[in-house]
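Colleague: Got a structure for you, questions after.
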Amino acid sequence: MKQPARFICAHILQTVPFANLNRDDTNSVKTVQYGGVLRTRVSSQCWKRAIRIDFEQRVGQAALRTRRIGERVSRLLVEERGWPQDLAARAGAHLAAASGIKFELEEKDKQVQVNKVIGNAMVYVPQTAVAELADLAEEKRADLEAAKDIKKAADKSILPKERVTAILRSRNGVINLFGRMLAEVDDAGVDGAVQVAHAMTTHQTDVEIDYFSAVDDVTAAWNDSTGSAHMGHAEFSAGTFYRYATVDLAALASNLGGDLTAARELAEAVLTSFVSSLPQAKKNSTAPHTVPDLVHLTVRSDRPLSLAAGFEKPVQAAGDGGYAAASRDALSAYAEAVNSFMGRAGILHSGWAGLDPKGHPGLGERHPSLNDLIGSAVQSAFATTASGAGA
């Protein structure tokens with residue numbers, strides 16, 4: 001039976017000090033013009049990777065995204081199963097050729113004297129798929145020993161394509177949540193159940209240029225040189241970010257074949273990871289490990305709803321400084337206005353938790369902790385999902 005539409009929307013305000021969480025191709029802070037002013041931005045791809053890494057550790061499942069699946073299997077065969085390098089490399093090349101994904105040949109590895117192949121598209125598979133492909137190579141070892149090396153893209157693999165592609169189509173909780181695009185393998189695509197917005201500051205920001213130098217310890221000890229061994233500069237900014245994501249519970253349940261128990265566990269874990277995660281760029285030189293100031297969760301039966309437009313007019317700093325408190329007030333006021341305008345019929349649950357001692361009536365019920373907030377939202381979502389009843 002098709003599950004009714006259910007969306008858990010997560011809205012986060014988080015203040016980040018001097019940092020560069022997400023750089024562009026010139027190592028500059030990513031920005032966006034919004035509401036007529038420049039804001040600091042962190043791309044959804046960047047924060048989504050941080051979420052995925054945290055989520056994988058939290059649920060004990062991992063996924064592998066790579067163009068070098070054959071080479072990864074080859075290394076496993078050598079390091080864990082004692083295969084000679086040349087035969088393992090041949091097996092990896094035949095696996096890549098059997099995948100049906102177009103590939104390019106690297107120059108021969110001087111040690112193993114065989115070509116390595118790089119796929120033109122990245123596969124995205126459960127980590128366990130590497131061992132499954134290695135098992136297939138083990139099964140066909142005699143055939144591989146008698147086979148020729150893959151020398152050009154048109155060469156045929158002696159491994160069964162249908163079994164290789166079946167492994168490439170396999171999924172786990174990570175892929176069922178975040179989705180997969182793999183057009184080169186039939187029926188391998190998975191529509192993601194999680195949508196993540198680009199994070200941006202609620203206010204105008206300036207990009208700061210930080211000049212730095214490095215001292216040569218040897219010449220400094222000898223006291224026979226002036227100046228530095230290296231000089232450079234880097235860009236940083238700071239501010240209060242609005243972050244938004246939504247989990248489509250009906251899509252997640254569909255990806256899981258209707259398993260609501262698994263869907264509930266994955267939804268709770270990914271919400272926790274969204275709250276807890278932080279991109280790691282330049283972490284050693286900035287250590288920007290803050291926690292959210294406020295987390296607001298809603299369960300909706302109509303459609304996902306972002307509150308980013310509440311910050312189209314940039315928040316102004318308080319008289320005594322700071323954007324966080326004004327951002328919390330702006331979020332609450334905008335949520336209240338949207339709910340009055342759109343109606344509350346689609347809201348099945350609304351609540352918040354945070355550091356602010358004051359109340360925020362536009363954000364629903366206050367919860368004492370993040371665990372209580374997330375648990376309450378997920379329980380509400382799946383209670384109505386299981387029964388098929390609305391609010």
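Residue numbers start at 1 in each chain; chains themselves are named A, B, ... in the order of the structure tokens; ligands are numbered from 1 in the order shown.
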Can you pull out the residues contacting range 71-79 of chain A? Cut-off 10 Å, using only C-alpha atoms, and skip same-chain residues under 3 positions away; I want them as a ChimeraX atom specification.
Modeller: /A:66-68,82-93,95-96,116-118,129-135,137-138
Colleague: Which polymer residues have any atom within 6 Å of an atom of Thr298 in chain A, counting only C-alpha atoms, with same-chain residues fewer than 6 positions away left out, as a PDB file with N, CA and C atoms, in the first residue's frame?
Modeller:
```pdb
ATOM      1  N   ILE A   8       9.483  15.443   7.108  1.00  0.00           N
ATOM      2  CA  ILE A   8      10.050  16.058   8.306  1.00  0.00           C
ATOM      3  C   ILE A   8      10.981  17.165   7.828  1.00  0.00           C
ATOM      4  N   CYS A   9      10.683  18.383   8.207  1.00  0.00           N
ATOM      5  CA  CYS A   9      11.500  19.538   7.821  1.00  0.00           C
ATOM      6  C   CYS A   9      12.343  19.972   9.013  1.00  0.00           C
ATOM      7  N   HIS A 349       3.036  18.109  13.370  1.00  0.00           N
ATOM      8  CA  HIS A 349       3.852  18.254  14.577  1.00  0.00           C
ATOM      9  C   HIS A 349       4.772  19.448  14.385  1.00  0.00           C
ATOM     10  N   SER A 350       5.028  20.197  15.448  1.00  0.00           N
ATOM     11  CA  SER A 350       5.932  21.342  15.376  1.00  0.00           C
ATOM     12  C   SER A 350       6.593  21.517  16.731  1.00  0.00           C
TER      13      SER A 350
END
```
Colleague: Find the spatial neighbours of range 41-57 of chain A, counting only C-alpha atoms, within a cut-off of 10 Å - ignore same-chain residues fewer than 2 positions away - and output them as a compact mmCIF listing (two decimals) with all heavy atoms, in the first residue's frame.
Modeller:
```txt
# COMPACT_ATOMS: atom_id res chain seq x y z
N ASN A 20 36.40 28.77 7.34
CA ASN A 20 36.09 28.64 5.92
C ASN A 20 35.64 27.20 5.72
O ASN A 20 36.43 26.33 5.36
CB ASN A 20 37.30 28.97 5.04
CG ASN A 20 36.96 29.00 3.55
OD1 ASN A 20 35.91 28.50 3.15
ND2 ASN A 20 37.85 29.56 2.75
N LEU A 21 34.36 26.96 5.96
CA LEU A 21 33.83 25.60 5.93
C LEU A 21 33.80 25.01 4.53
O LEU A 21 33.83 23.79 4.37
CB LEU A 21 32.42 25.59 6.52
CG LEU A 21 32.26 26.03 7.98
CD1 LEU A 21 30.80 25.95 8.39
CD2 LEU A 21 33.14 25.20 8.91
N ASN A 22 33.75 25.86 3.53
CA ASN A 22 33.55 25.38 2.16
C ASN A 22 34.22 26.34 1.19
O ASN A 22 33.79 27.49 1.05
CB ASN A 22 32.05 25.26 1.88
CG ASN A 22 31.71 24.63 0.55
OD1 ASN A 22 30.64 24.84 0.03
ND2 ASN A 22 32.60 23.83 -0.01
N ARG A 23 35.27 25.90 0.52
CA ARG A 23 36.03 26.75 -0.39
C ARG A 23 35.65 26.50 -1.84
O ARG A 23 35.23 25.41 -2.19
CB ARG A 23 37.53 26.49 -0.22
CG ARG A 23 38.07 26.91 1.13
CD ARG A 23 39.48 26.38 1.34
NE ARG A 23 39.49 24.99 1.75
CZ ARG A 23 40.58 24.25 1.90
NH1 ARG A 23 41.75 24.78 1.65
NH2 ARG A 23 40.51 23.00 2.30
N ASP A 24 35.85 27.51 -2.68
CA ASP A 24 35.65 27.30 -4.11
C ASP A 24 36.98 26.89 -4.75
O ASP A 24 37.96 26.58 -4.06
CB ASP A 24 35.06 28.55 -4.77
CG ASP A 24 35.99 29.76 -4.74
OD1 ASP A 24 37.20 29.60 -4.46
OD2 ASP A 24 35.52 30.88 -5.02
N VAL A 29 36.20 31.84 0.14
CA VAL A 29 34.94 31.55 0.82
C VAL A 29 33.80 31.56 -0.20
O VAL A 29 33.72 32.46 -1.04
CB VAL A 29 34.68 32.61 1.91
CG1 VAL A 29 33.29 32.45 2.51
CG2 VAL A 29 35.74 32.52 3.01
N LYS A 30 32.92 30.58 -0.15
CA LYS A 30 31.76 30.58 -1.03
C LYS A 30 30.73 31.59 -0.52
O LYS A 30 30.50 31.69 0.69
CB LYS A 30 31.13 29.19 -1.12
CG LYS A 30 31.94 28.23 -1.97
CD LYS A 30 31.19 26.94 -2.25
CE LYS A 30 31.97 26.05 -3.21
NZ LYS A 30 31.24 24.80 -3.53
N THR A 31 30.12 32.33 -1.44
CA THR A 31 29.19 33.38 -1.06
C THR A 31 27.95 33.33 -1.95
O THR A 31 27.91 32.61 -2.95
CB THR A 31 29.85 34.77 -1.20
OG1 THR A 31 30.29 34.95 -2.56
CG2 THR A 31 31.03 34.92 -0.26
N VAL A 32 26.95 34.13 -1.58
CA VAL A 32 25.75 34.28 -2.40
C VAL A 32 25.20 35.68 -2.17
O VAL A 32 25.25 36.21 -1.05
CB VAL A 32 24.69 33.21 -2.04
CG1 VAL A 32 24.24 33.32 -0.59
CG2 VAL A 32 23.48 33.31 -2.97
N GLN A 33 24.70 36.29 -3.24
CA GLN A 33 23.98 37.55 -3.12
C GLN A 33 22.52 37.24 -2.84
O GLN A 33 21.86 36.59 -3.65
CB GLN A 33 24.11 38.36 -4.42
CG GLN A 33 25.45 39.05 -4.60
CD GLN A 33 25.56 40.35 -3.82
OE1 GLN A 33 24.57 40.85 -3.30
NE2 GLN A 33 26.76 40.88 -3.73
N LEU A 38 25.77 40.53 0.38
CA LEU A 38 26.61 39.35 0.26
C LEU A 38 26.53 38.51 1.53
O LEU A 38 26.71 39.02 2.64
CB LEU A 38 28.06 39.77 0.00
CG LEU A 38 29.03 38.65 -0.38
CD1 LEU A 38 28.74 38.15 -1.78
CD2 LEU A 38 30.48 39.15 -0.29
N ARG A 39 26.25 37.22 1.36
CA ARG A 39 26.22 36.29 2.50
C ARG A 39 27.30 35.22 2.30
O ARG A 39 27.65 34.87 1.18
CB ARG A 39 24.86 35.56 2.59
CG ARG A 39 23.62 36.36 2.23
CD ARG A 39 23.19 37.27 3.33
NE ARG A 39 21.93 37.94 2.99
CZ ARG A 39 20.74 37.67 3.53
NH1 ARG A 39 20.63 36.71 4.43
NH2 ARG A 39 19.66 38.35 3.17
N VAL A 59 25.03 4.60 11.93
CA VAL A 59 24.22 3.41 11.65
C VAL A 59 25.07 2.18 11.34
O VAL A 59 24.52 1.09 11.16
CB VAL A 59 23.23 3.67 10.48
CG1 VAL A 59 22.30 4.82 10.80
CG2 VAL A 59 23.98 3.91 9.17
N GLY A 60 26.38 2.36 11.24
CA GLY A 60 27.24 1.21 10.98
C GLY A 60 27.15 0.68 9.57
O GLY A 60 27.42 -0.49 9.30
N GLN A 61 26.78 1.54 8.62
CA GLN A 61 26.75 1.19 7.21
C GLN A 61 27.57 2.23 6.45
O GLN A 61 27.65 3.38 6.86
CB GLN A 61 25.32 1.18 6.66
CG GLN A 61 24.39 0.21 7.34
CD GLN A 61 22.98 0.28 6.77
OE1 GLN A 61 22.77 0.59 5.61
NE2 GLN A 61 22.00 0.00 7.61
N ALA A 62 28.18 1.81 5.37
CA ALA A 62 29.00 2.73 4.58
C ALA A 62 28.73 2.51 3.10
O ALA A 62 28.35 1.41 2.68
CB ALA A 62 30.48 2.54 4.87
N ALA A 63 28.91 3.56 2.34
CA ALA A 63 28.79 3.48 0.88
C ALA A 63 30.07 3.99 0.25
O ALA A 63 30.78 4.81 0.85
CB ALA A 63 27.59 4.29 0.40
N GLY A 173 21.25 1.44 3.63
CA GLY A 173 20.52 2.57 4.16
C GLY A 173 21.03 3.90 3.65
O GLY A 173 20.25 4.85 3.45
N VAL A 174 22.33 4.02 3.43
CA VAL A 174 22.91 5.27 2.95
C VAL A 174 22.35 5.62 1.58
O VAL A 174 21.92 6.76 1.32
CB VAL A 174 24.45 5.15 2.89
CG1 VAL A 174 25.07 6.47 2.44
CG2 VAL A 174 25.02 4.72 4.23
N ILE A 175 22.34 4.65 0.68
CA ILE A 175 21.88 4.89 -0.69
C ILE A 175 20.37 5.09 -0.72
O ILE A 175 19.85 5.93 -1.47
CB ILE A 175 22.32 3.73 -1.60
CG1 ILE A 175 23.85 3.72 -1.71
CG2 ILE A 175 21.69 3.84 -2.99
CD1 ILE A 175 24.43 2.50 -2.36
N LEU A 177 18.63 6.52 1.48
CA LEU A 177 18.36 7.87 1.97
C LEU A 177 18.81 8.93 0.97
O LEU A 177 18.05 9.82 0.60
CB LEU A 177 19.06 8.10 3.30
CG LEU A 177 18.22 7.92 4.56
CD1 LEU A 177 19.11 7.92 5.79
CD2 LEU A 177 17.16 9.00 4.68
N PHE A 178 20.07 8.85 0.54
CA PHE A 178 20.66 9.94 -0.24
C PHE A 178 20.51 9.75 -1.74
O PHE A 178 20.77 10.68 -2.51
CB PHE A 178 22.14 10.08 0.12
CG PHE A 178 22.36 10.55 1.53
CD1 PHE A 178 22.67 9.66 2.53
CD2 PHE A 178 22.24 11.90 1.85
CE1 PHE A 178 22.86 10.08 3.84
CE2 PHE A 178 22.43 12.34 3.15
CZ PHE A 178 22.74 11.43 4.15
N VAL A 194 16.26 12.45 0.93
CA VAL A 194 16.74 13.59 1.70
C VAL A 194 17.08 14.74 0.76
O VAL A 194 17.78 14.53 -0.24
CB VAL A 194 17.98 13.22 2.54
CG1 VAL A 194 18.53 14.45 3.26
CG2 VAL A 194 17.65 12.13 3.54
N GLN A 195 16.59 15.92 1.06
CA GLN A 195 16.95 17.13 0.33
C GLN A 195 17.65 18.09 1.29
O GLN A 195 17.15 18.31 2.41
CB GLN A 195 15.71 17.80 -0.26
CG GLN A 195 14.94 16.92 -1.22
CD GLN A 195 13.60 17.53 -1.63
OE1 GLN A 195 13.39 18.73 -1.47
NE2 GLN A 195 12.71 16.70 -2.15
N VAL A 196 18.77 18.64 0.87
CA VAL A 196 19.55 19.54 1.72
C VAL A 196 19.78 20.84 0.97
O VAL A 196 20.23 20.83 -0.18
CB VAL A 196 20.90 18.91 2.11
CG1 VAL A 196 21.70 19.86 3.01
CG2 VAL A 196 20.70 17.57 2.81
N ALA A 197 19.48 21.95 1.61
CA ALA A 197 19.66 23.27 1.00
C ALA A 197 21.07 23.79 1.26
O ALA A 197 21.75 23.36 2.19
CB ALA A 197 18.64 24.26 1.58
N HIS A 198 21.49 24.72 0.42
CA HIS A 198 22.73 25.44 0.70
C HIS A 198 22.52 26.27 1.97
O HIS A 198 21.51 26.97 2.10
CB HIS A 198 23.08 26.38 -0.46
CG HIS A 198 23.51 25.65 -1.69
ND1 HIS A 198 24.73 25.86 -2.30
CD2 HIS A 198 22.89 24.69 -2.43
CE1 HIS A 198 24.85 25.08 -3.36
NE2 HIS A 198 23.74 24.37 -3.46
N ALA A 199 23.45 26.17 2.89
CA ALA A 199 23.38 27.00 4.09
C ALA A 199 23.88 28.40 3.76
O ALA A 199 24.78 28.57 2.93
CB ALA A 199 24.23 26.38 5.19
N MET A 200 23.30 29.40 4.40
CA MET A 200 23.77 30.78 4.20
C MET A 200 23.57 31.57 5.47
O MET A 200 22.73 31.23 6.31
CB MET A 200 23.03 31.44 3.04
CG MET A 200 21.56 31.65 3.28
SD MET A 200 20.76 32.49 1.90
CE MET A 200 19.07 32.57 2.52
N THR A 201 24.35 32.63 5.60
CA THR A 201 24.21 33.47 6.79
C THR A 201 22.91 34.26 6.71
O THR A 201 22.44 34.62 5.62
CB THR A 201 25.39 34.42 6.95
OG1 THR A 201 25.60 35.16 5.73
CG2 THR A 201 26.66 33.64 7.29
N THR A 205 27.72 39.48 5.35
CA THR A 205 29.04 39.13 5.91
C THR A 205 30.14 39.74 5.06
O THR A 205 29.97 40.02 3.87
CB THR A 205 29.25 37.61 5.98
OG1 THR A 205 29.08 37.05 4.68
CG2 THR A 205 28.28 36.96 6.95
N SER A 237 35.46 33.80 7.03
CA SER A 237 34.34 34.65 7.43
C SER A 237 33.71 34.06 8.68
O SER A 237 34.15 33.01 9.17
CB SER A 237 33.29 34.76 6.30
OG SER A 237 32.66 33.50 6.10
N PHE A 241 24.33 30.97 10.55
CA PHE A 241 23.83 30.31 9.34
C PHE A 241 22.42 29.77 9.55
O PHE A 241 22.09 29.27 10.63
CB PHE A 241 24.73 29.12 8.97
CG PHE A 241 26.05 29.51 8.38
CD1 PHE A 241 27.11 29.85 9.20
CD2 PHE A 241 26.23 29.54 7.00
CE1 PHE A 241 28.34 30.20 8.66
CE2 PHE A 241 27.46 29.89 6.45
CZ PHE A 241 28.51 30.22 7.28
N TYR A 242 21.61 29.88 8.49
CA TYR A 242 20.34 29.16 8.42
C TYR A 242 20.57 27.92 7.58
O TYR A 242 21.03 28.00 6.44
CB TYR A 242 19.24 30.01 7.79
CG TYR A 242 17.97 29.21 7.51
CD1 TYR A 242 17.15 28.81 8.55
CD2 TYR A 242 17.63 28.86 6.20
CE1 TYR A 242 16.00 28.06 8.30
CE2 TYR A 242 16.48 28.12 5.95
CZ TYR A 242 15.67 27.72 7.00
OH TYR A 242 14.53 26.98 6.74
N ARG A 243 20.24 26.76 8.15
CA ARG A 243 20.40 25.47 7.47
C ARG A 243 19.02 24.80 7.38
O ARG A 243 18.24 24.86 8.33
CB ARG A 243 21.35 24.57 8.25
CG ARG A 243 22.74 25.12 8.44
CD ARG A 243 23.52 24.33 9.50
NE ARG A 243 23.43 22.90 9.24
CZ ARG A 243 23.64 21.97 10.17
NH1 ARG A 243 23.94 22.31 11.41
NH2 ARG A 243 23.54 20.69 9.85
N TYR A 244 18.78 24.14 6.25
CA TYR A 244 17.48 23.50 6.05
C TYR A 244 17.65 22.18 5.33
O TYR A 244 18.45 22.04 4.40
CB TYR A 244 16.55 24.40 5.21
CG TYR A 244 15.28 23.72 4.77
CD1 TYR A 244 14.26 23.49 5.68
CD2 TYR A 244 15.12 23.28 3.46
CE1 TYR A 244 13.08 22.85 5.29
CE2 TYR A 244 13.95 22.64 3.06
CZ TYR A 244 12.93 22.42 3.98
OH TYR A 244 11.79 21.78 3.60
N ALA A 245 16.89 21.18 5.76
CA ALA A 245 16.82 19.89 5.07
C ALA A 245 15.45 19.29 5.30
O ALA A 245 14.75 19.65 6.26
CB ALA A 245 17.90 18.93 5.58
N LEU A 266 16.26 4.98 10.18
CA LEU A 266 17.10 5.78 9.30
C LEU A 266 16.75 7.26 9.39
O LEU A 266 17.64 8.12 9.38
CB LEU A 266 16.97 5.29 7.86
CG LEU A 266 17.51 3.90 7.57
CD1 LEU A 266 17.24 3.52 6.11
CD2 LEU A 266 19.00 3.81 7.86
N ALA A 269 18.18 8.70 12.57
CA ALA A 269 19.64 8.80 12.49
C ALA A 269 20.07 9.95 11.59
O ALA A 269 21.00 10.70 11.93
CB ALA A 269 20.23 7.49 11.99
N VAL A 270 19.41 10.13 10.44
CA VAL A 270 19.86 11.18 9.53
C VAL A 270 19.51 12.57 10.08
O VAL A 270 20.26 13.54 9.86
CB VAL A 270 19.27 10.98 8.11
CG1 VAL A 270 17.81 11.42 8.02
CG2 VAL A 270 20.11 11.73 7.08
N LEU A 271 18.41 12.70 10.81
CA LEU A 271 18.11 13.99 11.45
C LEU A 271 19.17 14.32 12.50
O LEU A 271 19.61 15.47 12.62
CB LEU A 271 16.72 13.95 12.08
CG LEU A 271 15.54 13.99 11.10
CD1 LEU A 271 14.24 13.69 11.84
CD2 LEU A 271 15.46 15.33 10.40
N THR A 272 19.56 13.32 13.27
CA THR A 272 20.61 13.53 14.27
C THR A 272 21.92 13.92 13.60
O THR A 272 22.64 14.82 14.07
CB THR A 272 20.81 12.26 15.11
OG1 THR A 272 19.56 11.89 15.70
CG2 THR A 272 21.82 12.49 16.22
N SER A 273 22.23 13.28 12.48
CA SER A 273 23.46 13.61 11.76
C SER A 273 23.40 15.01 11.17
O SER A 273 24.41 15.72 11.13
CB SER A 273 23.71 12.58 10.66
OG SER A 273 24.01 11.32 11.20
N PHE A 274 22.23 15.42 10.69
CA PHE A 274 22.09 16.77 10.14
C PHE A 274 22.36 17.81 11.22
O PHE A 274 23.04 18.81 10.99
CB PHE A 274 20.69 16.96 9.55
CG PHE A 274 20.46 18.33 8.97
CD1 PHE A 274 21.27 18.81 7.97
CD2 PHE A 274 19.42 19.12 9.42
CE1 PHE A 274 21.06 20.08 7.42
CE2 PHE A 274 19.19 20.38 8.89
CZ PHE A 274 20.02 20.86 7.89
N VAL A 275 21.84 17.57 12.40
CA VAL A 275 22.05 18.51 13.51
C VAL A 275 23.52 18.51 13.95
O VAL A 275 24.10 19.56 14.24
CB VAL A 275 21.14 18.13 14.69
CG1 VAL A 275 21.48 18.98 15.92
CG2 VAL A 275 19.67 18.32 14.32
N SER A 276 24.13 17.34 14.00
CA SER A 276 25.46 17.20 14.61
C SER A 276 26.61 17.49 13.67
O SER A 276 27.73 17.78 14.12
CB SER A 276 25.63 15.78 15.14
OG SER A 276 24.61 15.44 16.05
N SER A 277 26.40 17.41 12.37
CA SER A 277 27.51 17.46 11.42
C SER A 277 28.03 18.87 11.21
O SER A 277 27.31 19.86 11.38
CB SER A 277 27.07 16.87 10.09
OG SER A 277 26.00 17.63 9.54
N LEU A 278 29.28 18.93 10.79
CA LEU A 278 29.92 20.20 10.45
C LEU A 278 31.01 19.91 9.42
O LEU A 278 31.83 19.01 9.63
CB LEU A 278 30.54 20.86 11.68
CG LEU A 278 30.99 22.31 11.54
CD1 LEU A 278 29.78 23.24 11.47
CD2 LEU A 278 31.89 22.70 12.70
N PRO A 279 31.03 20.62 8.28
CA PRO A 279 32.11 20.40 7.32
C PRO A 279 33.47 20.61 7.97
O PRO A 279 33.62 21.41 8.89
CB PRO A 279 31.83 21.46 6.24
CG PRO A 279 30.35 21.69 6.33
CD PRO A 279 30.03 21.58 7.79
N GLN A 280 34.46 19.88 7.45
CA GLN A 280 35.76 19.82 8.13
C GLN A 280 36.87 20.65 7.46
O GLN A 280 38.03 20.53 7.86
CB GLN A 280 36.21 18.36 8.21
CG GLN A 280 35.25 17.47 8.99
CD GLN A 280 35.17 17.86 10.45
OE1 GLN A 280 36.14 17.75 11.19
NE2 GLN A 280 34.02 18.33 10.87
N ALA A 281 36.54 21.48 6.49
CA ALA A 281 37.57 22.26 5.82
C ALA A 281 38.30 23.17 6.82
O ALA A 281 37.67 23.84 7.64
CB ALA A 281 36.95 23.10 4.71
```
Colleague: Using only C-alpha atoms, find the one residue out of A:Pro292, A:Gly192, A:Gly232, A:Gly100 that sits nearest to Lys156 in chain A.
Modeller: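 Checking each of A:Pro292, A:Gly192, A:Gly232, A:Gly100 against Lys156 in chain A, counting only C-alpha atoms, the winner is A:Gly100.
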Colleague: Report as number ranges by chain all protein, DNA and RNA residues lying within 8 Å of range 307-322 of chain A, evaluated on only C-alpha atoms, omitting residues in the same chain fewer than 5 positions from it.
Modeller: A: 11, 34-35, 37, 202-204, 242, 244, 327, 330-331, 334-335
Colleague: Let's have the selection written as an mmCIF file, in the first residue's frame, with C-alpha atoms.
Modeller:
```cif
data_model
loop_
_atom_site.group_PDB
_atom_site.id
_atom_site.type_symbol
_atom_site.label_atom_id
_atom_site.label_comp_id
_atom_site.auth_asym_id
_atom_site.auth_seq_id
_atom_site.Cartn_x
_atom_site.Cartn_y
_atom_site.Cartn_z
ATOM 1 C CA HIS A 11 15.487 24.205 10.318
ATOM 2 C CA TYR A 34 20.619 37.400 -1.362
ATOM 3 C CA GLY A 35 18.395 40.266 -0.346
ATOM 4 C CA VAL A 37 23.747 41.826 0.294
ATOM 5 C CA THR A 202 21.093 35.266 7.934
ATOM 6 C CA HIS A 203 22.918 38.580 7.595
ATOM 7 C CA GLN A 204 25.476 40.376 5.473
ATOM 8 C CA TYR A 242 20.342 29.161 8.424
ATOM 9 C CA TYR A 244 17.478 23.502 6.047
ATOM 10 C CA SER A 327 17.981 35.459 13.849
ATOM 11 C CA ALA A 330 13.197 36.416 12.831
ATOM 12 C CA LEU A 331 12.785 32.669 12.292
ATOM 13 C CA TYR A 334 8.405 34.281 9.844
ATOM 14 C CA ALA A 335 7.253 30.760 10.730
#
```
Colleague: Going by DSSP on the backbone, which residues of range 24-273 of chain A come out as strand (DSSP E or B)? List them as a ChimeraX atom specification.
Modeller: /A:29,31-34,37-42,63-66,103-105,117-119,123-126,180,190,194-196,199-201,208-214,230-248
Colleague: Any chance you can output those residues with C-alpha atoms as a PDB file, in the first residue's frame?
Modeller:
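File produced: part34.pdb:
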```pdb
ATOM      1  CA  VAL A  29      34.945  31.552   0.820  1.00  0.00           C
ATOM      2  CA  THR A  31      29.187  33.385  -1.064  1.00  0.00           C
ATOM      3  CA  VAL A  32      25.750  34.279  -2.395  1.00  0.00           C
ATOM      4  CA  GLN A  33      23.982  37.553  -3.124  1.00  0.00           C
ATOM      5  CA  TYR A  34      20.619  37.400  -1.362  1.00  0.00           C
ATOM      6  CA  VAL A  37      23.747  41.826   0.294  1.00  0.00           C
ATOM      7  CA  LEU A  38      26.615  39.351   0.260  1.00  0.00           C
ATOM      8  CA  ARG A  39      26.217  36.289   2.499  1.00  0.00           C
ATOM      9  CA  THR A  40      28.602  33.476   3.335  1.00  0.00           C
ATOM     10  CA  ARG A  41      27.394  30.178   1.854  1.00  0.00           C
ATOM     11  CA  VAL A  42      28.142  26.501   2.405  1.00  0.00           C
ATOM     12  CA  ALA A  63      28.787   3.481   0.885  1.00  0.00           C
ATOM     13  CA  LEU A  64      31.587   3.850  -1.643  1.00  0.00           C
ATOM     14  CA  ARG A  65      31.593   6.388  -4.475  1.00  0.00           C
ATOM     15  CA  THR A  66      34.385   5.815  -6.963  1.00  0.00           C
ATOM     16  CA  PHE A 103      36.175   3.351 -19.170  1.00  0.00           C
ATOM     17  CA  GLU A 104      39.608   4.717 -20.001  1.00  0.00           C
ATOM     18  CA  LEU A 105      42.896   2.895 -19.721  1.00  0.00           C
ATOM     19  CA  VAL A 117      40.955   1.159 -15.902  1.00  0.00           C
ATOM     20  CA  ILE A 118      39.092   4.281 -14.764  1.00  0.00           C
ATOM     21  CA  GLY A 119      35.341   4.358 -15.301  1.00  0.00           C
ATOM     22  CA  VAL A 123      29.581   3.938  -9.114  1.00  0.00           C
ATOM     23  CA  TYR A 124      27.919   4.375  -5.735  1.00  0.00           C
ATOM     24  CA  VAL A 125      27.581   1.072  -3.935  1.00  0.00           C
ATOM     25  CA  PRO A 126      27.476  -0.322  -0.406  1.00  0.00           C
ATOM     26  CA  ARG A 180      22.005   7.298  -6.518  1.00  0.00           C
ATOM     27  CA  VAL A 190      17.576   5.501  -6.636  1.00  0.00           C
ATOM     28  CA  VAL A 194      16.738  13.591   1.698  1.00  0.00           C
ATOM     29  CA  GLN A 195      16.950  17.130   0.328  1.00  0.00           C
ATOM     30  CA  VAL A 196      19.547  19.536   1.718  1.00  0.00           C
ATOM     31  CA  ALA A 199      23.377  27.001   4.086  1.00  0.00           C
ATOM     32  CA  MET A 200      23.772  30.775   4.195  1.00  0.00           C
ATOM     33  CA  THR A 201      24.205  33.467   6.787  1.00  0.00           C
ATOM     34  CA  GLU A 208      38.410  38.505   5.836  1.00  0.00           C
ATOM     35  CA  ILE A 209      41.890  38.026   4.371  1.00  0.00           C
ATOM     36  CA  ASP A 210      44.228  36.331   6.822  1.00  0.00           C
ATOM     37  CA  TYR A 211      47.945  36.796   6.166  1.00  0.00           C
ATOM     38  CA  PHE A 212      50.188  34.103   7.621  1.00  0.00           C
ATOM     39  CA  SER A 213      53.845  33.126   7.625  1.00  0.00           C
ATOM     40  CA  ALA A 214      55.835  30.076   8.654  1.00  0.00           C
ATOM     41  CA  HIS A 230      56.784  30.670   3.696  1.00  0.00           C
ATOM     42  CA  MET A 231      54.160  33.389   3.409  1.00  0.00           C
ATOM     43  CA  GLY A 232      50.592  33.258   2.198  1.00  0.00           C
ATOM     44  CA  HIS A 233      47.022  34.329   2.773  1.00  0.00           C
ATOM     45  CA  ALA A 234      43.645  32.645   3.154  1.00  0.00           C
ATOM     46  CA  GLU A 235      40.030  33.786   3.242  1.00  0.00           C
ATOM     47  CA  PHE A 236      37.678  33.366   6.190  1.00  0.00           C
ATOM     48  CA  SER A 237      34.338  34.651   7.426  1.00  0.00           C
ATOM     49  CA  ALA A 238      32.009  34.246  10.385  1.00  0.00           C
ATOM     50  CA  GLY A 239      28.280  34.405  11.003  1.00  0.00           C
ATOM     51  CA  THR A 240      24.983  32.837  11.948  1.00  0.00           C
ATOM     52  CA  PHE A 241      23.829  30.310   9.344  1.00  0.00           C
ATOM     53  CA  TYR A 242      20.342  29.161   8.424  1.00  0.00           C
ATOM     54  CA  ARG A 243      20.400  25.467   7.474  1.00  0.00           C
ATOM     55  CA  TYR A 244      17.478  23.502   6.047  1.00  0.00           C
ATOM     56  CA  ALA A 245      16.823  19.889   5.072  1.00  0.00           C
ATOM     57  CA  THR A 246      13.781  17.697   4.598  1.00  0.00           C
ATOM     58  CA  VAL A 247      13.226  13.936   4.704  1.00  0.00           C
ATOM     59  CA  ASP A 248      10.527  12.509   2.432  1.00  0.00           C
TER      60      ASP A 248
END
```
Colleague: If I take CA of Leu144 in chain A and CA of Ile158 in chain A, how far is one from the other in Å, to one decimal?
Modeller: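 The value is 7.4 Å.
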Colleague: A:Phe18, A:Ser99, A:Ile374, A:Ala5: which is nearest Thr286 in chain A, counting only C-alpha atoms?
Modeller: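 With only C-alpha atoms as the atom set, the closest residue is A:Phe18.
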Colleague: Identify all residues of range 96-311 of chain A in helix (DSSP H, G or I) (DSSP on the backbone) and supply them as a ChimeraX atom specification.
Modeller: /A:96-98,128-139,141-146,161-168,173-178,217-222,249-255,260-276,283-286,308-311
